Structures are given as C-alpha cells and as structure tokens.
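*Asks:* Below is a structure I'd like to ask you about.
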Amino acid sequence: MLKKKVEKILIEQIEKEGYSSNLYLAMATWAEANGFPGIAQWLYAQAEEERLHMKKFISYIGERGSHAVIPAFKQPPVEYKDVKVLFDEVLKHEQYITESISKISSVCIDEKDFVTYNWAQWFLTEQVEEEASVRTVIDKLKMLNKDNLYMFDKDIMSLRAAAASPTA
Ligand code: OFO
C-alpha cells in the first residue's frame, strides 16, 4: 500500500499527464487547421505518448493497492499566434512536468518509498529526452522564415525519428 503523501502526488500526476495529452491534441488540431499536417502528426504522436504515461501512473497506483482516481481535465488553449509560440509553449509545459516528476522523487525520499522513487526515475529520463527533442525543433524554427516553414512541416517527423534513434 502506498503512503498517503505518495499516493496523493501520484494521483495528481495522472491529471498532469492526461492534461499533457489533451494539450498536445489541441495543439495538433490547431496545426491541422492552419495547414501544418507534419507538425500535427508530431503533436499527435506526442499526445499518444502522454496518454501512455498517464496509463503508467494509473497502472502503478493500482498495482500498489491504491485507487487511481481519474480526474476531470481543464480545457487546453484553442489558438496559437504561430508555430514558434506553440513550440515555446510545449517546452514550457515539458519543463513544468520535469519539475513535477522531480517533486514526486523528493516526496518519495521524504517518505522513504524507494520502490516508487526507483519507478519514477524512468519518467525523469524521459523528460530529459522530451525537452531535448522540443529544443531541437525550436532551434530549427529559429533558422526559418515563413517561406521555408512548408519544408520544415514536411521534415519535422524526421527530427522525431532522429531523437528516438540510439545512435542520434
Ligand atoms: Fe509525460 O512526458 Fe513529458 O510531459
């Protein structure tokens, strides 16, 4: 059975991962509606990963004998000024999630729950990769002007593949 403080913060993380998934879905629909199908695909893939993260939290809480309560999710923003602003928001959100997972780690240490601490480290490694992947996108975007945004949109999924490759 999980200790109360650990259980509480893990349940809060269900909401954060689920919101992350919805946020990226909302961004994907904005990208689609604004003529960026490649960026939409990148964001849909990201949304799917976040849904799996949420599921990992739900499963872990259940495995430890607690009840994984499914929360309501607030509505993510609908509009973005442009693609650069959108990806700046992705990076900001990922940094927020990294902080949040770090907080889980520190609660686990305070509560001497080293099993959950150990389990949560996978997410921290994942966060480092996700932040790096978004920074790569932002770096590329900084070099572009409006005219070659079309090519960028066509290529963005290859950035994702490169980030996922162990040799990259
Ligand atoms: Fe759940 O991985 Fe980032 O946010």
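Chain labels run A, B, ... following the order of the structure tokens; each chain numbers its residues from 1, and ligands are numbered from 1 in the order shown.
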Mind listing the residues within 12 Å of ligand 1, only C-alpha atoms and all ligand atoms counted, as a ChimeraX atom specification?
*Replies:* /A:13-24,43,45-57,89-101,120,122-134
*Asks:* Those same residues, written as a compact mmCIF listing (two decimals), in the first residue's frame with C-alpha atoms?
*Replies:*
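Output below, filename result20.txt:
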```txt
# COMPACT_ATOMS: atom_id res chain seq x y z
CA GLN A 13 0.31 13.30 -11.83
CA ILE A 14 -2.47 11.32 -13.58
CA GLU A 15 -4.14 14.67 -14.19
CA LYS A 16 -0.92 16.29 -15.41
CA GLU A 17 -0.11 13.52 -17.87
CA GLY A 18 -3.72 13.42 -19.10
CA TYR A 19 -3.75 17.19 -19.49
CA SER A 20 -0.44 16.99 -21.38
CA SER A 21 -2.05 14.54 -23.79
CA ASN A 22 -5.08 16.79 -24.30
CA LEU A 23 -2.88 19.87 -24.65
CA TYR A 24 -0.91 18.25 -27.48
CA LEU A 43 1.94 16.56 -31.83
CA ALA A 45 2.48 11.26 -31.59
CA GLN A 46 3.41 13.30 -28.52
CA ALA A 47 -0.19 13.22 -27.27
CA GLU A 48 -0.20 9.43 -27.59
CA GLU A 49 3.00 9.16 -25.52
CA GLU A 50 1.47 11.32 -22.81
CA ARG A 51 -1.64 9.14 -22.75
CA LEU A 52 0.61 6.12 -22.22
CA HIS A 53 2.39 7.96 -19.39
CA MET A 54 -0.96 8.64 -17.76
CA LYS A 55 -1.78 4.94 -18.13
CA LYS A 56 1.56 4.01 -16.49
CA PHE A 57 0.66 6.10 -13.43
CA GLU A 89 4.60 26.50 -25.01
CA VAL A 90 5.43 22.80 -25.50
CA LEU A 91 8.89 23.37 -24.00
CA LYS A 92 7.49 25.38 -21.09
CA HIS A 93 4.97 22.63 -20.40
CA GLU A 94 7.62 19.90 -20.51
CA GLN A 95 9.81 21.88 -18.08
CA TYR A 96 6.82 22.12 -15.75
CA ILE A 97 6.33 18.35 -15.96
CA THR A 98 10.03 17.74 -15.27
CA GLU A 99 9.67 19.83 -12.10
CA SER A 100 6.59 17.88 -11.18
CA ILE A 101 8.31 14.49 -11.54
CA ALA A 120 9.68 7.35 -11.14
CA TRP A 122 12.15 6.38 -15.86
CA PHE A 123 9.97 9.47 -16.22
CA LEU A 124 12.83 11.81 -15.41
CA THR A 125 14.98 10.23 -18.11
CA GLU A 126 12.02 10.52 -20.48
CA GLN A 127 11.65 14.21 -19.61
CA VAL A 128 15.29 14.91 -20.44
CA GLU A 129 14.72 13.33 -23.87
CA GLU A 130 11.46 15.17 -24.46
CA GLU A 131 12.90 18.56 -23.54
CA ALA A 132 15.88 17.91 -25.84
CA SER A 133 13.58 16.89 -28.67
CA VAL A 134 11.50 20.09 -28.36
```
*Asks:* Which of segment 13-133 of chain A counts as alpha helix (DSSP H) under DSSP, as a JSON list (two decimals) with N, CA and C atoms, in the first residue's frame please?
*Replies:*
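See out20.json below for the written result:
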```
[["chain", "number", "residue", "atom", "x", "y", "z"],
["A", 13, "GLN", "N", -0.43, 13.42, -10.57],
["A", 13, "GLN", "CA", 0.31, 13.30, -11.83],
["A", 13, "GLN", "C", -0.55, 12.67, -12.93],
["A", 14, "ILE", "N", -1.54, 11.86, -12.56],
["A", 14, "ILE", "CA", -2.47, 11.32, -13.58],
["A", 14, "ILE", "C", -3.08, 12.50, -14.33],
["A", 15, "GLU", "N", -3.50, 13.51, -13.56],
["A", 15, "GLU", "CA", -4.14, 14.67, -14.19],
["A", 15, "GLU", "C", -3.14, 15.41, -15.09],
["A", 16, "LYS", "N", -1.90, 15.54, -14.62],
["A", 16, "LYS", "CA", -0.92, 16.29, -15.41],
["A", 16, "LYS", "C", -0.57, 15.58, -16.71],
["A", 17, "GLU", "N", -0.43, 14.26, -16.64],
["A", 17, "GLU", "CA", -0.11, 13.52, -17.87],
["A", 17, "GLU", "C", -1.31, 13.54, -18.83],
["A", 18, "GLY", "N", -2.51, 13.39, -18.26],
["A", 18, "GLY", "CA", -3.72, 13.42, -19.10],
["A", 18, "GLY", "C", -3.91, 14.79, -19.73],
["A", 19, "TYR", "N", -3.64, 15.83, -18.94],
["A", 19, "TYR", "CA", -3.75, 17.19, -19.49],
["A", 19, "TYR", "C", -2.69, 17.39, -20.58],
["A", 20, "SER", "N", -1.49, 16.87, -20.36],
["A", 20, "SER", "CA", -0.44, 16.99, -21.38],
["A", 20, "SER", "C", -0.93, 16.39, -22.69],
["A", 21, "SER", "N", -1.55, 15.21, -22.60],
["A", 21, "SER", "CA", -2.05, 14.54, -23.79],
["A", 21, "SER", "C", -3.10, 15.41, -24.48],
["A", 22, "ASN", "N", -4.03, 15.94, -23.71],
["A", 22, "ASN", "CA", -5.08, 16.79, -24.30],
["A", 22, "ASN", "C", -4.51, 18.08, -24.87],
["A", 23, "LEU", "N", -3.52, 18.64, -24.17],
["A", 23, "LEU", "CA", -2.88, 19.87, -24.65],
["A", 23, "LEU", "C", -2.27, 19.64, -26.04],
["A", 24, "TYR", "N", -1.56, 18.51, -26.19],
["A", 24, "TYR", "CA", -0.91, 18.25, -27.48],
["A", 24, "TYR", "C", -1.94, 17.88, -28.56],
["A", 25, "LEU", "N", -3.04, 17.27, -28.13],
["A", 25, "LEU", "CA", -4.13, 17.02, -29.10],
["A", 25, "LEU", "C", -4.70, 18.35, -29.60],
["A", 26, "ALA", "N", -4.89, 19.27, -28.65],
["A", 26, "ALA", "CA", -5.45, 20.58, -29.02],
["A", 26, "ALA", "C", -4.48, 21.33, -29.94],
["A", 27, "MET", "N", -3.19, 21.24, -29.63],
["A", 27, "MET", "CA", -2.18, 21.88, -30.49],
["A", 27, "MET", "C", -2.18, 21.23, -31.87],
["A", 28, "ALA", "N", -2.34, 19.90, -31.90],
["A", 28, "ALA", "CA", -2.35, 19.18, -33.18],
["A", 28, "ALA", "C", -3.53, 19.63, -34.04],
["A", 29, "THR", "N", -4.68, 19.82, -33.42],
["A", 29, "THR", "CA", -5.84, 20.23, -34.22],
["A", 29, "THR", "C", -5.65, 21.66, -34.73],
["A", 30, "TRP", "N", -4.98, 22.50, -33.92],
["A", 30, "TRP", "CA", -4.67, 23.87, -34.38],
["A", 30, "TRP", "C", -3.73, 23.78, -35.60],
["A", 31, "ALA", "N", -2.70, 22.92, -35.49],
["A", 31, "ALA", "CA", -1.73, 22.79, -36.58],
["A", 31, "ALA", "C", -2.42, 22.30, -37.86],
["A", 32, "GLU", "N", -3.29, 21.33, -37.70],
["A", 32, "GLU", "CA", -4.03, 20.81, -38.86],
["A", 32, "GLU", "C", -4.88, 21.91, -39.49],
["A", 33, "ALA", "N", -5.59, 22.64, -38.64],
["A", 33, "ALA", "CA", -6.50, 23.68, -39.14],
["A", 33, "ALA", "C", -5.74, 24.82, -39.81],
["A", 37, "PRO", "N", 0.26, 19.83, -41.55],
["A", 37, "PRO", "CA", -0.05, 18.43, -41.24],
["A", 37, "PRO", "C", 1.12, 17.68, -40.59],
["A", 38, "GLY", "N", 2.36, 18.06, -40.95],
["A", 38, "GLY", "CA", 3.53, 17.39, -40.36],
["A", 38, "GLY", "C", 3.64, 17.71, -38.87],
["A", 39, "ILE", "N", 3.47, 18.99, -38.55],
["A", 39, "ILE", "CA", 3.53, 19.40, -37.14],
["A", 39, "ILE", "C", 2.38, 18.73, -36.37],
["A", 40, "ALA", "N", 1.23, 18.63, -37.01],
["A", 40, "ALA", "CA", 0.10, 17.96, -36.36],
["A", 40, "ALA", "C", 0.45, 16.51, -36.05],
["A", 41, "GLN", "N", 1.11, 15.86, -37.00],
["A", 41, "GLN", "CA", 1.49, 14.45, -36.79],
["A", 41, "GLN", "C", 2.46, 14.33, -35.60],
["A", 42, "TRP", "N", 3.43, 15.25, -35.54],
["A", 42, "TRP", "CA", 4.40, 15.27, -34.43],
["A", 42, "TRP", "C", 3.65, 15.40, -33.10],
["A", 43, "LEU", "N", 2.68, 16.30, -33.07],
["A", 43, "LEU", "CA", 1.94, 16.56, -31.83],
["A", 43, "LEU", "C", 1.00, 15.41, -31.48],
["A", 44, "TYR", "N", 0.40, 14.78, -32.49],
["A", 44, "TYR", "CA", -0.45, 13.61, -32.21],
["A", 44, "TYR", "C", 0.39, 12.48, -31.60],
["A", 45, "ALA", "N", 1.60, 12.30, -32.13],
["A", 45, "ALA", "CA", 2.48, 11.26, -31.59],
["A", 45, "ALA", "C", 2.83, 11.59, -30.13],
["A", 46, "GLN", "N", 3.09, 12.87, -29.88],
["A", 46, "GLN", "CA", 3.41, 13.30, -28.52],
["A", 46, "GLN", "C", 2.21, 13.08, -27.58],
["A", 47, "ALA", "N", 1.03, 13.39, -28.08],
["A", 47, "ALA", "CA", -0.19, 13.22, -27.27],
["A", 47, "ALA", "C", -0.36, 11.74, -26.90],
["A", 48, "GLU", "N", -0.06, 10.87, -27.84],
["A", 48, "GLU", "CA", -0.20, 9.43, -27.59],
["A", 48, "GLU", "C", 0.78, 8.98, -26.50],
["A", 49, "GLU", "N", 2.01, 9.51, -26.56],
["A", 49, "GLU", "CA", 3.00, 9.16, -25.52],
["A", 49, "GLU", "C", 2.51, 9.61, -24.15],
["A", 50, "GLU", "N", 1.95, 10.80, -24.11],
["A", 50, "GLU", "CA", 1.47, 11.32, -22.81],
["A", 50, "GLU", "C", 0.31, 10.48, -22.27],
["A", 51, "ARG", "N", -0.53, 10.01, -23.19],
["A", 51, "ARG", "CA", -1.64, 9.14, -22.75],
["A", 51, "ARG", "C", -1.07, 7.84, -22.13],
["A", 52, "LEU", "N", -0.01, 7.33, -22.76],
["A", 52, "LEU", "CA", 0.61, 6.12, -22.22],
["A", 52, "LEU", "C", 1.25, 6.40, -20.85],
["A", 53, "HIS", "N", 1.82, 7.61, -20.70],
["A", 53, "HIS", "CA", 2.39, 7.96, -19.39],
["A", 53, "HIS", "C", 1.29, 7.99, -18.33],
["A", 54, "MET", "N", 0.17, 8.61, -18.70],
["A", 54, "MET", "CA", -0.96, 8.64, -17.76],
["A", 54, "MET", "C", -1.34, 7.21, -17.37],
["A", 55, "LYS", "N", -1.40, 6.33, -18.37],
["A", 55, "LYS", "CA", -1.78, 4.94, -18.13],
["A", 55, "LYS", "C", -0.76, 4.26, -17.20],
["A", 56, "LYS", "N", 0.53, 4.59, -17.36],
["A", 56, "LYS", "CA", 1.56, 4.01, -16.49],
["A", 56, "LYS", "C", 1.31, 4.39, -15.03],
["A", 57, "PHE", "N", 0.95, 5.67, -14.80],
["A", 57, "PHE", "CA", 0.66, 6.10, -13.43],
["A", 57, "PHE", "C", -0.56, 5.35, -12.88],
["A", 58, "ILE", "N", -1.61, 5.24, -13.73],
["A", 58, "ILE", "CA", -2.83, 4.55, -13.29],
["A", 58, "ILE", "C", -2.50, 3.10, -12.90],
["A", 59, "SER", "N", -1.74, 2.42, -13.76],
["A", 59, "SER", "CA", -1.42, 1.02, -13.50],
["A", 59, "SER", "C", -0.58, 0.86, -12.25],
["A", 60, "TYR", "N", 0.42, 1.75, -12.10],
["A", 60, "TYR", "CA", 1.32, 1.62, -10.94],
["A", 60, "TYR", "C", 0.55, 1.82, -9.64],
["A", 61, "ILE", "N", -0.31, 2.84, -9.60],
["A", 61, "ILE", "CA", -1.08, 3.11, -8.38],
["A", 61, "ILE", "C", -1.93, 1.88, -8.03],
["A", 62, "GLY", "N", -2.56, 1.30, -9.06],
["A", 62, "GLY", "CA", -3.38, 0.10, -8.85],
["A", 62, "GLY", "C", -2.54, -1.09, -8.36],
["A", 63, "GLU", "N", -1.38, -1.26, -8.98],
["A", 63, "GLU", "CA", -0.50, -2.38, -8.59],
["A", 63, "GLU", "C", -0.08, -2.29, -7.13],
["A", 83, "VAL", "N", 3.60, 29.02, -35.09],
["A", 83, "VAL", "CA", 4.23, 27.73, -34.78],
["A", 83, "VAL", "C", 5.31, 27.88, -33.70],
["A", 84, "LYS", "N", 6.07, 28.96, -33.79],
["A", 84, "LYS", "CA", 7.15, 29.18, -32.82],
["A", 84, "LYS", "C", 6.57, 29.32, -31.40],
["A", 85, "VAL", "N", 5.52, 30.10, -31.28],
["A", 85, "VAL", "CA", 4.86, 30.29, -29.97],
["A", 85, "VAL", "C", 4.34, 28.94, -29.46],
["A", 86, "LEU", "N", 3.79, 28.17, -30.37],
["A", 86, "LEU", "CA", 3.26, 26.85, -29.97],
["A", 86, "LEU", "C", 4.38, 25.98, -29.38],
["A", 87, "PHE", "N", 5.52, 25.91, -30.06],
["A", 87, "PHE", "CA", 6.60, 25.04, -29.56],
["A", 87, "PHE", "C", 7.25, 25.61, -28.30],
["A", 88, "ASP", "N", 7.27, 26.94, -28.17],
["A", 88, "ASP", "CA", 7.75, 27.52, -26.89],
["A", 88, "ASP", "C", 6.85, 27.05, -25.75],
["A", 89, "GLU", "N", 5.56, 26.98, -26.04],
["A", 89, "GLU", "CA", 4.60, 26.50, -25.01],
["A", 89, "GLU", "C", 4.83, 25.02, -24.70],
["A", 90, "VAL", "N", 5.15, 24.23, -25.73],
["A", 90, "VAL", "CA", 5.43, 22.80, -25.50],
["A", 90, "VAL", "C", 6.63, 22.68, -24.55],
["A", 91, "LEU", "N", 7.69, 23.46, -24.83],
["A", 91, "LEU", "CA", 8.89, 23.37, -24.00],
["A", 91, "LEU", "C", 8.58, 23.81, -22.56],
["A", 92, "LYS", "N", 7.85, 24.90, -22.43],
["A", 92, "LYS", "CA", 7.49, 25.38, -21.09],
["A", 92, "LYS", "C", 6.70, 24.30, -20.33],
["A", 93, "HIS", "N", 5.79, 23.66, -21.04],
["A", 93, "HIS", "CA", 4.97, 22.63, -20.40],
["A", 93, "HIS", "C", 5.84, 21.44, -19.98],
["A", 94, "GLU", "N", 6.75, 21.04, -20.85],
["A", 94, "GLU", "CA", 7.62, 19.90, -20.51],
["A", 94, "GLU", "C", 8.51, 20.23, -19.30],
["A", 95, "GLN", "N", 8.98, 21.48, -19.23],
["A", 95, "GLN", "CA", 9.81, 21.88, -18.08],
["A", 95, "GLN", "C", 8.98, 21.81, -16.79],
["A", 96, "TYR", "N", 7.73, 22.20, -16.90],
["A", 96, "TYR", "CA", 6.82, 22.12, -15.75],
["A", 96, "TYR", "C", 6.64, 20.66, -15.31],
["A", 97, "ILE", "N", 6.50, 19.77, -16.30],
["A", 97, "ILE", "CA", 6.33, 18.35, -15.96],
["A", 97, "ILE", "C", 7.61, 17.77, -15.35],
["A", 98, "THR", "N", 8.75, 18.20, -15.86],
["A", 98, "THR", "CA", 10.03, 17.74, -15.27],
["A", 98, "THR", "C", 10.09, 18.12, -13.80],
["A", 99, "GLU", "N", 9.71, 19.37, -13.50],
["A", 99, "GLU", "CA", 9.67, 19.83, -12.10],
["A", 99, "GLU", "C", 8.73, 18.96, -11.28],
["A", 100, "SER", "N", 7.60, 18.64, -11.89],
["A", 100, "SER", "CA", 6.59, 17.88, -11.18],
["A", 100, "SER", "C", 7.08, 16.46, -10.86],
["A", 101, "ILE", "N", 7.78, 15.84, -11.80],
["A", 101, "ILE", "CA", 8.31, 14.49, -11.54],
["A", 101, "ILE", "C", 9.45, 14.57, -10.50],
["A", 102, "SER", "N", 10.21, 15.65, -10.56],
["A", 102, "SER", "CA", 11.27, 15.83, -9.55],
["A", 102, "SER", "C", 10.64, 15.93, -8.16],
["A", 103, "LYS", "N", 9.52, 16.61, -8.09],
["A", 103, "LYS", "CA", 8.80, 16.75, -6.81],
["A", 103, "LYS", "C", 8.35, 15.37, -6.31],
["A", 104, "ILE", "N", 7.88, 14.53, -7.24],
["A", 104, "ILE", "CA", 7.48, 13.16, -6.85],
["A", 104, "ILE", "C", 8.68, 12.45, -6.24],
["A", 105, "SER", "N", 9.84, 12.59, -6.89],
["A", 105, "SER", "CA", 11.05, 11.94, -6.38],
["A", 105, "SER", "C", 11.36, 12.42, -4.98],
["A", 106, "SER", "N", 11.22, 13.73, -4.75],
["A", 106, "SER", "CA", 11.60, 14.23, -3.44],
["A", 106, "SER", "C", 10.58, 13.81, -2.36],
["A", 107, "VAL", "N", 9.30, 13.71, -2.72],
["A", 107, "VAL", "CA", 8.32, 13.19, -1.75],
["A", 107, "VAL", "C", 8.63, 11.73, -1.42],
["A", 108, "CYS", "N", 9.02, 10.95, -2.44],
["A", 108, "CYS", "CA", 9.37, 9.55, -2.22],
["A", 108, "CYS", "C", 10.54, 9.42, -1.25],
["A", 109, "ILE", "N", 11.52, 10.32, -1.40],
["A", 109, "ILE", "CA", 12.68, 10.28, -0.50],
["A", 109, "ILE", "C", 12.23, 10.64, 0.93],
["A", 110, "ASP", "N", 11.44, 11.71, 1.04],
["A", 110, "ASP", "CA", 10.94, 12.11, 2.38],
["A", 110, "ASP", "C", 10.17, 10.98, 3.05],
["A", 114, "PHE", "N", 11.35, 3.98, -1.53],
["A", 114, "PHE", "CA", 12.40, 3.87, -2.55],
["A", 114, "PHE", "C", 11.95, 3.05, -3.76],
["A", 115, "VAL", "N", 10.91, 2.26, -3.58],
["A", 115, "VAL", "CA", 10.37, 1.49, -4.71],
["A", 115, "VAL", "C", 9.75, 2.48, -5.72],
["A", 116, "THR", "N", 8.90, 3.38, -5.21],
["A", 116, "THR", "CA", 8.27, 4.36, -6.11],
["A", 116, "THR", "C", 9.31, 5.34, -6.65],
["A", 117, "TYR", "N", 10.28, 5.68, -5.79],
["A", 117, "TYR", "CA", 11.35, 6.57, -6.24],
["A", 117, "TYR", "C", 12.03, 5.97, -7.47],
["A", 118, "ASN", "N", 12.37, 4.70, -7.34],
["A", 118, "ASN", "CA", 13.05, 3.99, -8.41],
["A", 118, "ASN", "C", 12.18, 3.94, -9.67],
["A", 119, "TRP", "N", 10.91, 3.65, -9.49],
["A", 119, "TRP", "CA", 9.96, 3.57, -10.60],
["A", 119, "TRP", "C", 9.86, 4.92, -11.32],
["A", 120, "ALA", "N", 9.87, 6.01, -10.55],
["A", 120, "ALA", "CA", 9.68, 7.35, -11.14],
["A", 120, "ALA", "C", 10.88, 7.83, -11.95],
["A", 121, "GLN", "N", 12.03, 7.21, -11.75],
["A", 121, "GLN", "CA", 13.23, 7.70, -12.45],
["A", 121, "GLN", "C", 13.12, 7.56, -13.97],
["A", 122, "TRP", "N", 12.36, 6.55, -14.41],
["A", 122, "TRP", "CA", 12.15, 6.38, -15.86],
["A", 122, "TRP", "C", 11.55, 7.66, -16.46],
["A", 123, "PHE", "N", 10.63, 8.27, -15.71],
["A", 123, "PHE", "CA", 9.97, 9.47, -16.22],
["A", 123, "PHE", "C", 10.92, 10.65, -16.31],
["A", 124, "LEU", "N", 11.86, 10.70, -15.36],
["A", 124, "LEU", "CA", 12.83, 11.81, -15.41],
["A", 124, "LEU", "C", 13.72, 11.68, -16.64],
["A", 125, "THR", "N", 14.16, 10.46, -16.92],
["A", 125, "THR", "CA", 14.98, 10.23, -18.11],
["A", 125, "THR", "C", 14.19, 10.61, -19.36],
["A", 126, "GLU", "N", 12.92, 10.21, -19.36],
["A", 126, "GLU", "CA", 12.02, 10.52, -20.48],
["A", 126, "GLU", "C", 11.89, 12.04, -20.65],
["A", 127, "GLN", "N", 11.79, 12.75, -19.53],
["A", 127, "GLN", "CA", 11.65, 14.21, -19.61],
["A", 127, "GLN", "C", 12.87, 14.86, -20.24],
["A", 128, "VAL", "N", 14.06, 14.35, -19.87],
["A", 128, "VAL", "CA", 15.29, 14.91, -20.44],
["A", 128, "VAL", "C", 15.24, 14.77, -21.96],
["A", 129, "GLU", "N", 14.81, 13.57, -22.42],
["A", 129, "GLU", "CA", 14.72, 13.33, -23.87],
["A", 129, "GLU", "C", 13.67, 14.23, -24.53],
["A", 130, "GLU", "N", 12.54, 14.37, -23.86],
["A", 130, "GLU", "CA", 11.46, 15.17, -24.46],
["A", 130, "GLU", "C", 11.85, 16.64, -24.55],
["A", 131, "GLU", "N", 12.48, 17.15, -23.49],
["A", 131, "GLU", "CA", 12.90, 18.56, -23.54],
["A", 131, "GLU", "C", 13.92, 18.75, -24.67],
["A", 132, "ALA", "N", 14.85, 17.79, -24.79],
["A", 132, "ALA", "CA", 15.88, 17.91, -25.84],
["A", 132, "ALA", "C", 15.23, 17.88, -27.22],
["A", 133, "SER", "N", 14.24, 17.01, -27.37],
["A", 133, "SER", "CA", 13.58, 16.89, -28.67],
["A", 133, "SER", "C", 12.85, 18.20, -29.04]]
```
*Asks:* Just checking: using only C-alpha atoms, which residue out of A:Lys140, A:Lys112, A:Arg135, A:Lys74 ends up closest to Leu2 of chain A?
*Replies:*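 The answer is A:Lys112, which sits nearest to Leu2 of chain A.
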*Asks:* Could you please determine the separation between atom CA of Met1 of chain A and atom CA of Gly65 of chain A in Å, to one decimal place?
*Replies:*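 Rounded to one decimal, the two atoms are 5.1 Å apart.
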